[in-house]
Every structure is written in C-alpha cells, then in structure tokens.
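Colleague: Here you go, this is start_8.cif (mmCIF, C-alpha atoms).
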data_start
#
loop_
_atom_site.label_atom_id
_atom_site.label_comp_id
_atom_site.auth_asym_id
_atom_site.auth_seq_id
_atom_site.Cartn_x
_atom_site.Cartn_y
_atom_site.Cartn_z
CA MET A 1 0.00 0.00 0.00
CA ARG A 2 2.81 2.38 1.02
CA ARG A 3 4.66 1.47 -2.14
CA THR A 4 1.60 2.33 -4.27
CA ILE A 5 1.25 5.71 -2.56
CA LEU A 6 4.96 6.38 -3.08
CA HIS A 7 4.69 5.52 -6.77
CA ALA A 8 1.67 7.77 -7.13
CA LEU A 9 3.55 10.65 -5.45
CA ILE A 10 6.60 10.15 -7.70
CA PHE A 11 4.32 10.04 -10.76
CA LEU A 12 2.52 13.26 -9.73
CA GLY A 13 5.88 14.95 -9.06
CA CYS A 14 7.14 14.01 -12.54
CA LEU A 15 3.90 15.22 -14.07
CA GLY A 16 4.27 18.60 -12.33
CA TRP A 17 7.90 18.87 -13.44
CA VAL A 18 7.01 18.09 -17.08
CA SER A 19 4.10 20.53 -17.12
CA GLY A 20 6.42 23.15 -15.58
CA CYS A 21 8.82 22.65 -18.47
CA ARG A 22 5.97 23.01 -20.98
CA HIS A 23 4.98 26.28 -19.33
CA LYS A 24 8.52 27.59 -19.69
CA GLU A 25 8.29 26.95 -23.45
CA GLY A 26 5.16 29.11 -23.63
CA PRO A 27 4.72 32.17 -25.81
CA GLU A 28 6.35 34.57 -23.33
CA GLU A 29 9.56 32.53 -23.24
CA GLN A 30 10.26 32.20 -26.95
CA LYS A 31 13.75 33.15 -28.00
CA LYS A 32 13.99 35.22 -31.15
CA ILE A 33 14.93 33.26 -34.25
CA ALA A 34 16.72 34.57 -37.34
CA LEU A 35 15.17 34.38 -40.78
CA HIS A 36 17.53 35.75 -43.40
CA LEU A 37 16.01 38.04 -45.97
CA PRO A 38 16.04 37.01 -49.62
CA GLU A 39 19.10 38.25 -51.46
CA GLY A 40 19.33 38.79 -55.19
CA THR A 41 18.00 41.24 -57.71
CA PRO A 42 14.22 41.59 -57.50
CA LYS A 43 12.28 41.18 -60.72
CA ARG A 44 10.96 44.25 -62.52
CA PRO A 45 7.21 44.47 -61.86
CA GLN A 46 5.37 43.22 -64.94
CA GLY A 47 1.96 44.56 -63.99
CA SER A 48 -1.25 43.58 -65.69
CA ALA A 49 -1.72 43.56 -69.49
CA ALA A 50 -3.61 46.76 -70.40
CA LEU A 51 -2.62 48.98 -73.39
CA THR A 52 -1.08 48.26 -76.78
CA VAL A 53 2.17 50.15 -77.25
CA LYS A 54 2.55 51.88 -80.63
CA PRO A 55 5.83 52.81 -82.31
CA GLY A 56 6.61 56.52 -82.37
CA PRO A 57 7.15 59.27 -79.84
CA GLN A 58 4.08 58.47 -77.71
CA PRO A 59 3.43 54.80 -76.91
CA PHE A 60 -0.27 55.36 -76.12
CA THR A 61 -2.69 58.27 -75.86
CA LYS A 62 -5.20 59.63 -73.39
CA ALA A 63 -7.94 58.23 -75.68
CA ASP A 64 -6.33 54.75 -75.41
CA VAL A 65 -6.42 55.03 -71.61
CA ALA A 66 -10.05 56.24 -71.71
CA ASN A 67 -11.01 53.28 -73.93
CA TYR A 68 -9.28 50.89 -71.56
CA PHE A 69 -11.25 52.23 -68.59
CA LYS A 70 -14.54 51.85 -70.47
CA THR A 71 -14.20 48.11 -70.04
CA HIS A 72 -11.79 47.75 -67.09
CA ASN A 73 -12.30 49.15 -63.62
CA LEU A 74 -9.41 50.27 -61.43
CA PRO A 75 -8.44 47.14 -59.49
CA MET A 76 -10.10 47.10 -56.04
CA ASN A 77 -12.26 50.18 -56.81
CA MET A 78 -15.89 49.75 -55.70
CA SER A 79 -17.44 52.45 -57.88
CA SER A 80 -18.21 51.64 -61.53
CA THR A 81 -16.35 52.61 -64.71
CA ASN A 82 -19.22 55.04 -65.43
CA ASP A 83 -18.33 56.99 -62.29
CA PHE A 84 -14.99 58.38 -63.48
CA GLN A 85 -13.15 59.82 -66.49
CA VAL A 86 -9.52 60.17 -67.54
CA ASP A 87 -8.34 63.67 -66.72
CA THR A 88 -4.71 63.83 -67.86
CA LEU A 89 -1.95 61.59 -69.23
CA GLU A 90 1.73 62.46 -68.85
CA PHE A 91 4.89 60.52 -69.56
CA LEU A 92 7.31 60.87 -66.68
CA THR A 93 10.27 59.01 -65.26
CA ASN A 94 9.57 56.51 -62.49
CA LYS A 95 11.39 58.88 -60.11
CA ASP A 96 9.18 61.84 -61.07
CA VAL A 97 6.05 59.74 -60.57
CA SER A 98 7.30 58.69 -57.16
CA ASP A 99 7.98 62.32 -56.21
CA ARG A 100 4.45 63.29 -57.26
CA LEU A 101 2.93 60.46 -55.19
CA ARG A 102 4.76 61.31 -51.97
CA GLY A 103 7.26 58.50 -52.37
CA ALA A 104 4.96 55.78 -53.72
CA SER A 105 6.95 54.22 -56.55
CA PRO A 106 5.74 52.12 -59.51
CA GLY A 107 8.84 50.03 -58.79
CA LEU A 108 10.64 50.44 -62.13
CA ALA A 109 14.15 51.86 -62.58
CA ASP A 110 14.39 55.57 -61.72
CA SER A 111 14.80 56.56 -65.38
CA ALA A 112 12.14 54.18 -66.78
CA ILE A 113 9.24 55.99 -68.46
CA VAL A 114 5.79 55.68 -66.94
CA GLY A 115 2.48 56.85 -68.41
CA LEU A 116 0.76 58.51 -65.44
CA ALA A 117 -2.99 58.96 -65.97
CA THR A 118 -4.98 61.02 -63.48
CA LEU A 119 -8.65 60.16 -63.15
CA ARG A 120 -11.54 62.27 -61.89
CA GLY A 121 -14.95 61.23 -60.54
CA LEU A 122 -15.83 58.88 -57.72
CA PHE A 123 -13.61 56.11 -56.40
CA ILE A 124 -14.32 53.91 -53.39
CA PHE A 125 -11.65 51.75 -51.80
CA THR A 126 -11.58 49.69 -48.66
CA GLY A 127 -9.01 47.61 -46.79
CA PRO A 128 -8.91 44.90 -44.14
CA PRO A 129 -11.99 44.18 -41.97
CA GLN A 130 -13.22 47.18 -39.92
CA THR A 131 -11.89 49.62 -42.52
CA LYS A 132 -14.42 52.26 -43.40
CA PRO A 133 -14.83 52.32 -47.21
CA ALA A 134 -13.32 55.66 -48.25
CA ARG A 135 -14.44 57.87 -51.14
CA PHE A 136 -12.05 59.84 -53.33
CA ALA A 137 -12.56 62.41 -56.08
CA ARG A 138 -9.24 61.81 -57.83
CA ALA A 139 -7.15 58.72 -58.45
CA TYR A 140 -4.32 57.67 -60.73
CA ALA A 141 -3.18 54.77 -62.88
CA ALA A 142 0.49 54.20 -63.79
CA PHE A 143 1.29 52.28 -66.99
CA ASP A 144 4.73 50.98 -67.96
CA ALA A 145 5.45 52.92 -71.19
CA THR A 146 7.51 50.04 -72.55
CA SER A 147 4.87 47.32 -72.24
CA GLY A 148 1.63 49.28 -71.77
CA ASN A 149 0.94 47.19 -68.65
CA LEU A 150 -0.81 48.62 -65.61
CA VAL A 151 1.73 48.52 -62.78
CA MET A 152 0.18 50.69 -60.06
CA ILE A 153 -3.03 52.48 -59.14
CA GLY A 154 -4.03 54.59 -56.18
CA THR A 155 -5.90 57.50 -54.69
CA LEU A 156 -4.95 61.18 -54.94
CA ASP A 157 -7.41 63.19 -52.86
CA GLN A 158 -10.95 63.19 -51.55
CA GLY A 159 -11.87 66.67 -52.87
CA GLU A 160 -15.41 67.22 -54.12
CA GLN A 161 -17.11 63.96 -55.05
CA PRO A 162 -19.71 64.80 -57.71
CA ASN A 163 -21.24 61.36 -58.18
CA GLN A 164 -22.87 58.77 -56.01
CA PRO A 165 -22.26 55.06 -56.62
CA LYS A 166 -24.88 53.32 -58.72
CA MET B 1 -38.75 -1.22 -77.96
CA PHE B 2 -40.36 1.00 -75.27
CA GLY B 3 -38.72 -1.10 -72.55
CA LYS B 4 -35.35 -0.67 -74.18
CA VAL B 5 -35.75 3.11 -74.25
CA MET B 6 -36.83 3.17 -70.60
CA ARG B 7 -33.84 1.02 -69.59
CA GLY B 8 -31.55 3.38 -71.50
CA LEU B 9 -33.04 6.39 -69.74
CA ARG B 10 -32.65 4.71 -66.33
CA VAL B 11 -28.98 3.98 -67.05
CA ALA B 12 -28.42 7.54 -68.22
CA ALA B 13 -30.10 8.94 -65.09
CA LEU B 14 -28.02 6.68 -62.85
CA ARG B 15 -24.82 7.79 -64.60
CA LEU B 16 -25.82 11.42 -64.18
CA VAL B 17 -26.41 10.95 -60.44
CA ALA B 18 -23.13 9.04 -60.09
CA ALA B 19 -21.27 11.76 -61.96
CA GLY B 20 -22.81 14.39 -59.69
CA VAL B 21 -21.85 12.49 -56.52
CA PHE B 22 -18.32 11.96 -57.84
CA TYR B 23 -18.02 15.65 -58.77
CA LEU B 24 -19.20 16.89 -55.39
CA ALA B 25 -16.95 14.45 -53.56
CA PHE B 26 -13.81 15.44 -55.42
CA THR B 27 -14.24 19.14 -56.16
CA GLY B 28 -16.36 20.41 -53.33
CA GLY B 29 -18.73 21.71 -55.99
CA GLN B 30 -16.66 24.84 -56.44
CA ALA B 31 -17.39 25.24 -60.13
CA PHE B 32 -21.07 25.90 -59.43
CA ALA B 33 -21.75 29.59 -59.91
CA ALA B 34 -21.90 31.32 -56.55
CA THR B 35 -23.65 34.56 -55.72
CA TYR B 36 -22.85 36.71 -52.70
CA SER B 37 -23.07 40.31 -51.60
CA CYS B 38 -19.53 41.61 -51.14
CA GLY B 39 -19.49 44.68 -53.35
CA ASN B 40 -21.62 47.18 -51.51
CA PRO B 41 -19.84 50.53 -51.00
CA SER B 42 -21.51 50.90 -47.58
CA SER B 43 -20.85 47.49 -46.12
CA GLY B 44 -17.59 46.80 -47.96
CA HIS B 45 -16.00 43.50 -48.87
CA CYS B 46 -16.27 40.01 -47.32
CA TYR B 47 -13.47 38.29 -45.41
CA GLY B 48 -12.31 34.96 -44.03
CA VAL B 49 -9.47 35.98 -41.72
CA THR B 50 -7.74 35.55 -38.40
CA SER B 51 -5.61 38.11 -36.59
CA TRP B 52 -3.24 38.62 -33.67
CA ARG B 53 -3.53 41.73 -31.50
CA GLU B 54 -1.88 40.87 -28.20
CA LYS B 55 1.56 42.50 -28.72
CA PRO B 56 2.18 46.24 -28.35
CA GLU B 57 3.90 46.28 -31.75
CA TYR B 58 4.33 43.77 -34.54
CA PHE B 59 7.43 45.04 -36.34
CA GLY B 60 6.66 42.75 -39.24
CA ALA B 61 4.58 39.80 -40.35
CA TYR B 62 5.30 36.77 -42.49
CA THR B 63 3.40 33.78 -43.86
CA ASP B 64 3.83 31.03 -46.42
CA ILE B 65 0.84 30.60 -48.72
CA VAL B 66 0.32 27.64 -51.03
CA ARG B 67 -1.04 29.00 -54.29
CA ALA B 68 -4.64 27.86 -54.70
CA ALA B 69 -6.64 27.61 -57.91
CA MET B 70 -8.53 30.89 -58.22
CA SER B 71 -10.85 32.64 -60.64
CA CYS B 72 -12.97 35.78 -60.94
CA PRO B 73 -14.36 35.73 -64.49
CA SER B 74 -15.52 38.78 -66.39
CA GLY B 75 -18.59 40.18 -64.65
CA CYS B 76 -17.68 38.90 -61.16
CA GLY B 77 -17.59 42.55 -60.15
CA GLY B 78 -14.51 42.53 -57.96
CA PHE B 79 -11.72 40.16 -56.97
CA VAL B 80 -10.73 37.34 -54.65
CA ASP B 81 -7.35 37.05 -52.92
CA ASP B 82 -5.22 35.33 -50.28
CA GLU B 83 -2.99 37.66 -48.34
CA ILE B 84 -1.28 38.99 -45.21
CA TRP B 85 -1.79 42.41 -43.60
CA LEU B 86 0.17 44.42 -41.03
CA ILE B 87 -2.23 47.02 -39.62
CA ASP B 88 -2.21 50.09 -37.38
CA ASP B 89 -5.66 51.09 -36.13
CA LYS B 90 -4.39 53.09 -33.13
CA SER B 91 -1.94 55.84 -34.17
CA SER B 92 -3.55 59.24 -34.65
CA GLY B 93 -2.09 59.69 -38.14
CA CYS B 94 -3.72 56.43 -39.15
CA THR B 95 -7.11 56.85 -37.49
CA GLY B 96 -7.19 60.29 -39.13
CA ASN B 97 -6.64 59.06 -42.71
CA PRO B 98 -9.66 58.45 -45.00
CA PHE B 99 -9.79 54.73 -44.09
CA GLY B 100 -9.37 55.20 -40.35
CA MET B 101 -6.32 52.93 -40.37
CA CYS B 102 -2.97 52.27 -42.00
CA TRP B 103 -1.76 48.97 -43.36
CA VAL B 104 0.73 47.20 -45.58
CA GLU B 105 -0.57 44.08 -47.36
CA ALA B 106 0.83 41.48 -49.76
CA GLY B 107 -0.63 38.46 -51.48
CA TYR B 108 -2.05 37.22 -54.76
CA PHE B 109 -5.38 38.08 -56.32
CA PHE B 110 -7.60 37.35 -59.29
CA ILE B 111 -9.34 40.49 -60.57
CA ASP B 112 -12.52 40.70 -62.66
CA GLY B 113 -11.67 39.94 -66.27
CA SER B 114 -8.04 38.92 -65.71
CA SER B 115 -6.66 35.88 -67.43
CA SER B 116 -4.52 34.87 -64.44
CA ALA B 117 -3.83 35.40 -60.76
CA GLN B 118 -1.20 38.01 -59.89
CA TYR B 119 1.03 38.94 -56.99
CA PHE B 120 0.38 42.34 -55.45
CA TRP B 121 1.19 44.52 -52.51
CA ALA B 122 -0.49 47.70 -51.27
CA ASP B 123 -0.36 50.27 -48.51
CA SER B 124 -2.57 52.82 -46.78
CA ARG B 125 -0.48 55.60 -45.29
CA PRO B 126 -1.06 58.17 -42.55
CA MET B 127 -1.87 61.03 -44.93
CA ASN B 128 -4.88 62.41 -46.75
CA THR B 129 -3.41 62.58 -50.26
CA SER B 130 -1.84 59.61 -52.05
CA THR B 131 -3.13 57.51 -49.16
CA PHE B 132 -3.76 54.18 -50.90
CA ASN B 133 -1.40 52.63 -53.46
CA LEU B 134 -1.76 49.21 -55.10
CA HIS B 135 1.20 47.61 -56.87
CA ILE B 136 0.53 44.84 -59.41
CA LEU B 137 3.68 42.74 -59.59
CA GLY B 138 3.11 39.95 -62.10
CA ASP B 139 1.59 36.55 -62.79
CA THR B 140 1.80 33.98 -60.02
CA GLU B 141 3.49 30.63 -60.10
CA ALA B 142 1.49 27.49 -60.81
CA VAL B 143 -1.19 26.18 -58.47
CA GLY B 144 0.44 24.30 -55.59
CA ALA B 145 3.57 26.47 -55.41
CA THR B 146 4.53 27.84 -52.00
CA ASN B 147 5.42 31.51 -51.79
CA HIS B 148 6.76 33.55 -48.89
CA TYR B 149 5.17 36.91 -48.02
CA MET B 150 7.19 39.17 -45.73
CA ILE B 151 6.49 42.68 -44.44
CA ILE B 152 8.92 44.40 -42.05
CA LYS B 153 9.54 47.86 -40.64
CA ASP B 154 12.95 49.10 -41.80
CA ALA B 155 14.97 50.94 -39.14
CA ARG B 156 18.17 51.24 -41.19
CA GLY B 157 17.47 54.79 -42.36
CA ALA B 158 14.76 57.40 -42.16
CA ALA B 159 11.54 56.69 -40.27
CA GLY B 160 8.40 55.53 -42.05
CA ILE B 161 9.78 52.73 -44.22
CA PHE B 162 8.35 49.21 -44.57
CA GLN B 163 9.89 46.61 -46.85
CA VAL B 164 7.77 44.01 -48.64
CA TRP B 165 9.01 40.79 -50.22
CA VAL B 166 7.21 38.12 -52.23
CA TYR B 167 9.51 35.20 -53.09
CA ASN B 168 10.05 31.47 -53.32
CA ASP B 169 12.91 29.25 -52.13
CA SER B 170 14.77 29.26 -55.45
CA LEU B 171 14.23 33.04 -55.84
CA SER B 172 12.81 32.43 -59.33
CA THR B 173 10.02 34.56 -57.89
CA LEU B 174 11.46 37.60 -56.13
CA TYR B 175 9.56 40.87 -55.92
CA GLN B 176 10.37 43.67 -53.53
CA GLY B 177 8.49 46.87 -52.68
CA THR B 178 8.96 49.76 -50.27
CA SER B 179 6.22 51.61 -48.43
CA THR B 180 7.48 55.12 -47.73
CA SER B 181 6.24 58.04 -45.59
CA ASN B 182 4.48 55.38 -43.54
CA THR B 183 5.05 56.03 -39.85
CA MET B 184 2.49 53.44 -38.74
CA SER B 185 3.16 51.13 -35.80
CA GLY B 186 1.70 47.70 -36.55
CA ASN B 187 -0.57 46.52 -33.73
CA ILE B 188 -2.44 43.84 -35.73
CA ALA B 189 -1.10 41.00 -37.88
CA MET B 190 -3.76 39.38 -40.05
CA ILE B 191 -3.95 36.59 -42.63
CA GLY B 192 -6.76 35.28 -44.81
CA GLN B 193 -8.96 35.89 -47.80
CA GLU B 194 -10.77 38.96 -49.11
CA LEU B 195 -13.68 38.74 -51.55
CA ALA B 196 -15.21 41.63 -53.50
CA GLY B 197 -18.09 41.57 -55.95
CA THR B 198 -21.34 39.69 -56.35
CA LYS B 199 -20.90 36.43 -58.25
CA ASP B 200 -18.89 33.62 -59.79
CA ALA B 201 -15.49 33.96 -58.06
CA SER B 202 -13.88 30.78 -56.80
CA ALA B 203 -10.78 29.81 -54.86
CA GLY B 204 -9.55 26.40 -53.78
CA ASN B 205 -8.09 25.59 -50.38
CA ALA B 206 -5.17 27.90 -49.58
CA ASN B 207 -2.99 26.92 -46.62
CA PHE B 208 -1.20 29.59 -44.59
CA THR B 209 1.73 28.17 -42.62
CA ARG B 210 4.83 29.58 -40.88
CA ASN B 211 2.78 32.32 -39.29
CA ILE B 212 5.46 34.39 -37.60
CA TRP B 213 6.01 38.01 -36.57
CA ALA B 214 9.07 40.27 -36.35
CA VAL B 215 10.09 41.05 -32.77
CA GLN B 216 12.24 43.98 -33.88
CA ALA B 217 12.63 46.26 -36.87
CA LEU B 218 15.06 45.47 -39.67
CA GLY B 219 18.61 46.51 -38.81
CA PRO B 220 22.00 46.43 -40.52
CA GLU B 221 22.35 42.66 -39.91
CA TYR B 222 19.53 42.26 -42.48
CA VAL B 223 17.64 39.60 -40.54
CA PHE B 224 13.93 39.10 -39.82
CA TRP B 225 14.14 38.28 -36.10
CA TYR B 226 10.96 36.46 -35.22
CA ASN B 227 8.73 34.57 -32.83
CA ARG B 228 6.04 32.21 -34.05
CA GLN B 229 2.38 32.95 -33.44
CA THR B 230 1.21 30.67 -30.65
CA THR B 231 -2.32 31.76 -29.82
CA THR B 232 -5.33 30.31 -31.56
CA THR B 233 -7.03 33.49 -32.50
CA GLY B 234 -10.66 33.99 -33.41
CA ILE B 235 -11.77 33.63 -36.99
CA SER B 236 -13.96 36.11 -38.81
CA HIS B 237 -15.58 34.49 -41.84
CA GLN B 238 -18.60 35.51 -43.85
CA ASP B 239 -19.08 32.22 -45.72
CA PRO B 240 -17.96 33.13 -48.31
CA PRO B 241 -15.06 33.36 -47.81
CA PHE B 242 -14.71 30.21 -45.68
CA ALA B 243 -11.84 30.00 -43.20
CA SER B 244 -10.66 27.72 -40.40
CA TRP B 245 -7.64 26.64 -38.37
CA THR B 246 -6.61 23.24 -39.76
CA VAL B 247 -3.58 23.00 -37.44
CA ASN B 248 -3.80 24.82 -34.14
CA PRO B 249 -0.99 27.42 -33.75
CA SER B 250 -0.62 26.51 -30.08
CA SER B 251 0.58 23.03 -31.18
CA PRO B 252 4.35 22.61 -31.18
CA PRO B 253 5.85 23.18 -34.64
CA PRO B 254 6.00 22.15 -37.38
CA PRO B 255 4.35 24.02 -38.87
CA GLU B 256 5.34 27.21 -37.06
CA GLY B 257 2.24 29.22 -36.20
CA GLY B 258 -0.22 26.49 -37.19
CA GLN B 259 -2.03 26.15 -40.49
CA PHE B 260 -4.91 28.42 -41.47
CA THR B 261 -7.02 27.52 -44.48
CA THR B 262 -9.35 29.54 -46.69
CA HIS B 263 -11.54 28.81 -49.70
CA CYS B 264 -14.27 30.42 -51.70
CA CYS B 265 -17.10 30.77 -52.71
CA SER B 266 -19.55 27.84 -52.44
#
Represent the structure contained in this file as structure tokens.

Modeller:
Amino acid sequence: MRRTILHALIFLGCLGWVSGCRHKEGPEEQKKIALHLPEGTPKRPQGSAALTVKPGPQPFTKADVANYFKTHNLPMNMSSTNDFQVDTLEFLTNKDVSDRLRGASPGLADSAIVGLATLRGLFIFTGPPQTKPARFARAYAAFDATSGNLVMIGTLDQGEQPNQPK
Amino acid sequence: MFGKVMRGLRVAALRLVAAGVFYLAFTGGQAFAATYSCGNPSSGHCYGVTSWREKPEYFGAYTDIVRAAMSCPSGCGGFVDDEIWLIDDKSSGCTGNPFGMCWVEAGYFFIDGSSSAQYFWADSRPMNTSTFNLHILGDTEAVGATNHYMIIKDARGAAGIFQVWVYNDSLSTLYQGTSTSNTMSGNIAMIGQELAGTKDASAGNANFTRNIWAVQALGPEYVFWYNRQTTTTGISHQDPPFASWTVNPSSPPPPEGGQFTTHCCS
C-alpha cells in the first residue's frame, strides 16, 4: 500500500515537473529566431496587361487610356467605370512619378518611363476588416510605357465627389 | 422497344447521379456559380481571416501561402485574394486618414476579367493625399507552389519605411516593394482571404503556414528576427469566404504558427 502511494507521489511529481517545463516553453519565453532576408536582384514588376504600345514618340494616348477604362475598372475600386473619367496623361520618369505620389513608386528603374494617368470622378476603396470604405474624387493609374501594362493604381485626394455610386 | 428506351433512360439517369456524386466528392462543388453580396460601397468586402492583436507592436509579419486555384471571371464585379496584412488602427495619423487605419498588405489576387492570378502589394499611409497605393507585380506561379510573403519595418534609415518581399525558395520569384512616408506602428497581424463583388469567383483551399512576426525592426544585420504565433485566435468568416484553423498554432511546430485555411465561394 505504502509502495503504491509512493509511486503515485513520484508520478505526480514528474507530471508537475514536465508541465512546468511546458509552461517555460510558452509564448512569453520564446527566444527570437533569425530568418535571413532574400538576397538577389528583385524582378521588374510586370503589372497587368492593359494597353497596346505603338511605335513613335508616344506609346499610347489619353484616348487609349479612356477606352481601356470603359471596359476595365481600377483594381479594387468599388465604384463603376461610369463613375470616373480620364483627366490627364503624362509621360514621366519613375522617379518623377514617385515624387508626385509622396514617395509611392511604380517600382521600375528611376529613369524608366511611366504613363501617369490622373482620373476624376468617384472612387471607393476599402481595406482589411473594420476599414471604413473611403471615397475619393481623384485617383491615378500608372502604366509601364515600354509594355503598356498597368503597374500601379491609387488614390490622390478626396476633394469634391460629384457622383454617387450606382 | 419502349422497354429498351426506358432502360436506356434509367442507365443515363443513374450515370448522371453518379457523376454528380463523384463531382461533389472530389471538387467540393466549387465550379457551381456562386452569388454573394460583397461589393456594396456601404458594407464593404467580405473576409475569411484571423488576426493577432496581443503584442504592443508587430514590427513585421510573415506567412507562407500555397497558391490555390482561383478565378474571378468577367462580370464577377470585384476580386478574390489570399494575403497577409500588417495594420495600425491606433496611431492618430492612421485613425485620421480616410480609411481610419494604415496597413501594408501582400498576397495574390484574381481580378474581374483577368486571365490569371497576380502577386500584389499595397499600402494605406497616414496622410490624406496619395493615401492608398496598389502595386501589381506579375503573374503567379502554378497552383500548388509555396510563396513567402514578408512585411517588415525598416529601421536602417529614415523613419516611415516598410519593406515588402514576395519570393520562393529558389528566388525564381522575387519581388520587392517599399512603403514610404508610412510612420504606422503595426498593432495587428492578419492573414486570410478577401472577396469583392457579387458572383462567380472561386478559390480552392489555400494553406497559410509559418505564421510568424518580427520582434524587432530590420537593422544592418539584415535579418527578420521572429517569434512564431502561438495563440489560436478567433476567426472572422462571412461564408464566403470560408476560413478555419486546420492545425492549431498553439501546437508545437512544425508548422510554425499552425495552419490556417481559406476557400471560396460555395
């Protein structure tokens, strides 16, 4: 009988010791681990196929951009293509575009040429859960002038929003 | 003659039922057109996500996502994606921007009318002009490929920099982006699926593993110093998207940080 009680006590002691060890491995006790960052030359962003590039001084026109946005919405925009128009199209270096957009870069080489289209109307974007959908009066679309692909879009300002979503 | 026709019809009906049972068993019925309400400008998009909020600051977030089959055909009215977010919903500069929060996100999506899924990253910054910027990187690898998605605050230079990487082990996929003028302090790390639009999108099971977070900002040693996520956090899912923990993150690794799974839309 005594032997059984002794065995039970030893077993309970071991159990407590093991569970104590498990506790020490808990989330508060994790040691930081190193994950090395990827090294190498990142790929040039290819973007999404959008405009056909023509030979000559101007690879595409404002009318080409307007035609594209008759059938394609700005990715992630919740208003419709009827709610906005193309305002301007300029060909700038990637660096100039980045300067205009407060540091947001299309991701091409600094000297690469980008067709920056500004858009006017109503744009609605949202983000992760609990984001309030936000409305903007101006947005932009950046096209790689070499390929005509859409590489970046975004909001400019909220301004006056003339339209309501349909 | 009549009996022969009837027998033929019975056989055809049986084959049809068998084909249906087989299809449902092996595909989950995902090719059936689905309708949903995830495109309303007032209520916003639909989500199947989980998040961690218990640390004062997540300096970065990382996950591995296995590329799932995905589609959002012309007329779907939006997109479907699998992605990771690092979010600040506390800092005054972020609560004061048009969205009421800042974030950096990375993942892959299929947009209305596209012919393929594409890698992307985006940010929402603590400012009222040029707030939101979406970067379309390029076509994804084949279904089944595992890609790494890493976001980390960069303390090597000026304040307000986050680095974003999308890559695979061989570095045949390697995209990098930089979020600038972004002084957010990440207090939420989130993974999962976002769905926008009204119909016909689909996405197979996507597994999120190696769910880890950066315990410090990026320094000159160029290392993502991390802890694994260990708490089984709540899931927010609107069915669609569907989401669940398939391996509890409190289980000892592997995989680090459990396995979270999403799919869409029926």

Colleague: Dump as a list in words all residues having an atom at most 7 Å from (-1.1, 47.1, -45.7), computed in the file's coordinates with all atoms listed in the file.

Modeller: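 Those within range, by chain then number, are Trp85, Leu86, Ile87, Cys102, Trp103, Val104, Glu105, Ala122, Asp123 and Ser124 of chain B.
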
Colleague: List every protein, DNA or RNA residue with an atom no more than 9 Å from (6.2, 29.6, -38.5) in the file's coordinates, counting only C-alpha atoms, and format the result as a PyMOL selection string.

Modeller: chain B and resi 62-64+209-213+226-229+249+253-258

Colleague: By how many Å are atom CA of Thr41 of chain A and atom CA of Pro220 of chain B apart?

Modeller: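 That distance, rounded to one decimal, is 18.4 Å.
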
Colleague: When you get a sec, could you note down which chain A residues fall within 8 Å of chain B, using all atoms listed in the file, as JSON, numbers by chain?

Modeller: {"A": [27, 30, 31, 32, 33, 34, 35, 36, 37, 38, 40, 41, 42, 43, 44, 45, 46, 47, 48, 72, 75, 76, 78, 79, 101, 102, 103, 104, 105, 106, 107, 124, 126, 127, 128, 129, 131, 132, 133, 134, 135, 150, 151, 152, 153, 154, 155, 156, 157, 158, 165]}

Colleague: Apply the PyMOL selection byres ((chain B and resi 264) around 10) to the file shown and report the selected residues as a VMD selection string.

Modeller: chain B and resid 30 34 48 70 to 71 80 to 81 193 to 195 200 to 206 239 to 243 262 to 263 265 to 266

Colleague: With a distance cut-off of 10 Å and all atoms listed in the file, select the neighbouring residues of segment 109-111 of chain A, excluding the residue or stretch itself and same-chain residues fewer than 4 positions from it, and output the selection as a list in words.

Modeller: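 The filter keeps Arg44, Leu92, Thr93, Asn94, Lys95, Asp96, Val97, Ser98 and Ser105 of chain A.
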
Colleague: Report, in Å with one decimal, the straight-line distance from atom CA of Thr146 of chain B to atom CA of Ala49 of chain A.

Modeller: 24.3 Å

Colleague: Between atom CA of Ile113 of chain A and atom CA of Thr81 of chain A, what distance in Å does the model show, to one decimal?

Modeller: 26.1 Å

Colleague: Using the chain letters and numbers from the file, give me the residues hit by the PyMOL selection byres ((chain B and resi 59) around 7), as a PyMOL selection string.

Modeller: chain B and resi 57-58+60+152-153+186+214-217

Colleague: Of the candidates B:Gln259, B:Val247, B:Tyr149, B:Cys76, which shows the shortest atom-to-atom distance to Tyr36 of chain B, using only C-alpha atoms?

Modeller: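 Nearest to Tyr36 of chain B: B:Cys76.
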
Colleague: Take the PyMOL selection byres ((chain A and resi 145) around 6), apply it to the structure above, and return the hits as a PyMOL selection string.

Modeller: chain A and resi 113-115+143-144+146-148

Colleague: In terms of the shortest atom-to-atom distance over only C-alpha atoms, which of B:Gly144, B:Pro73, B:Pro126, B:Gly107 is closest to Cys94 of chain B?

Modeller: B:Pro126
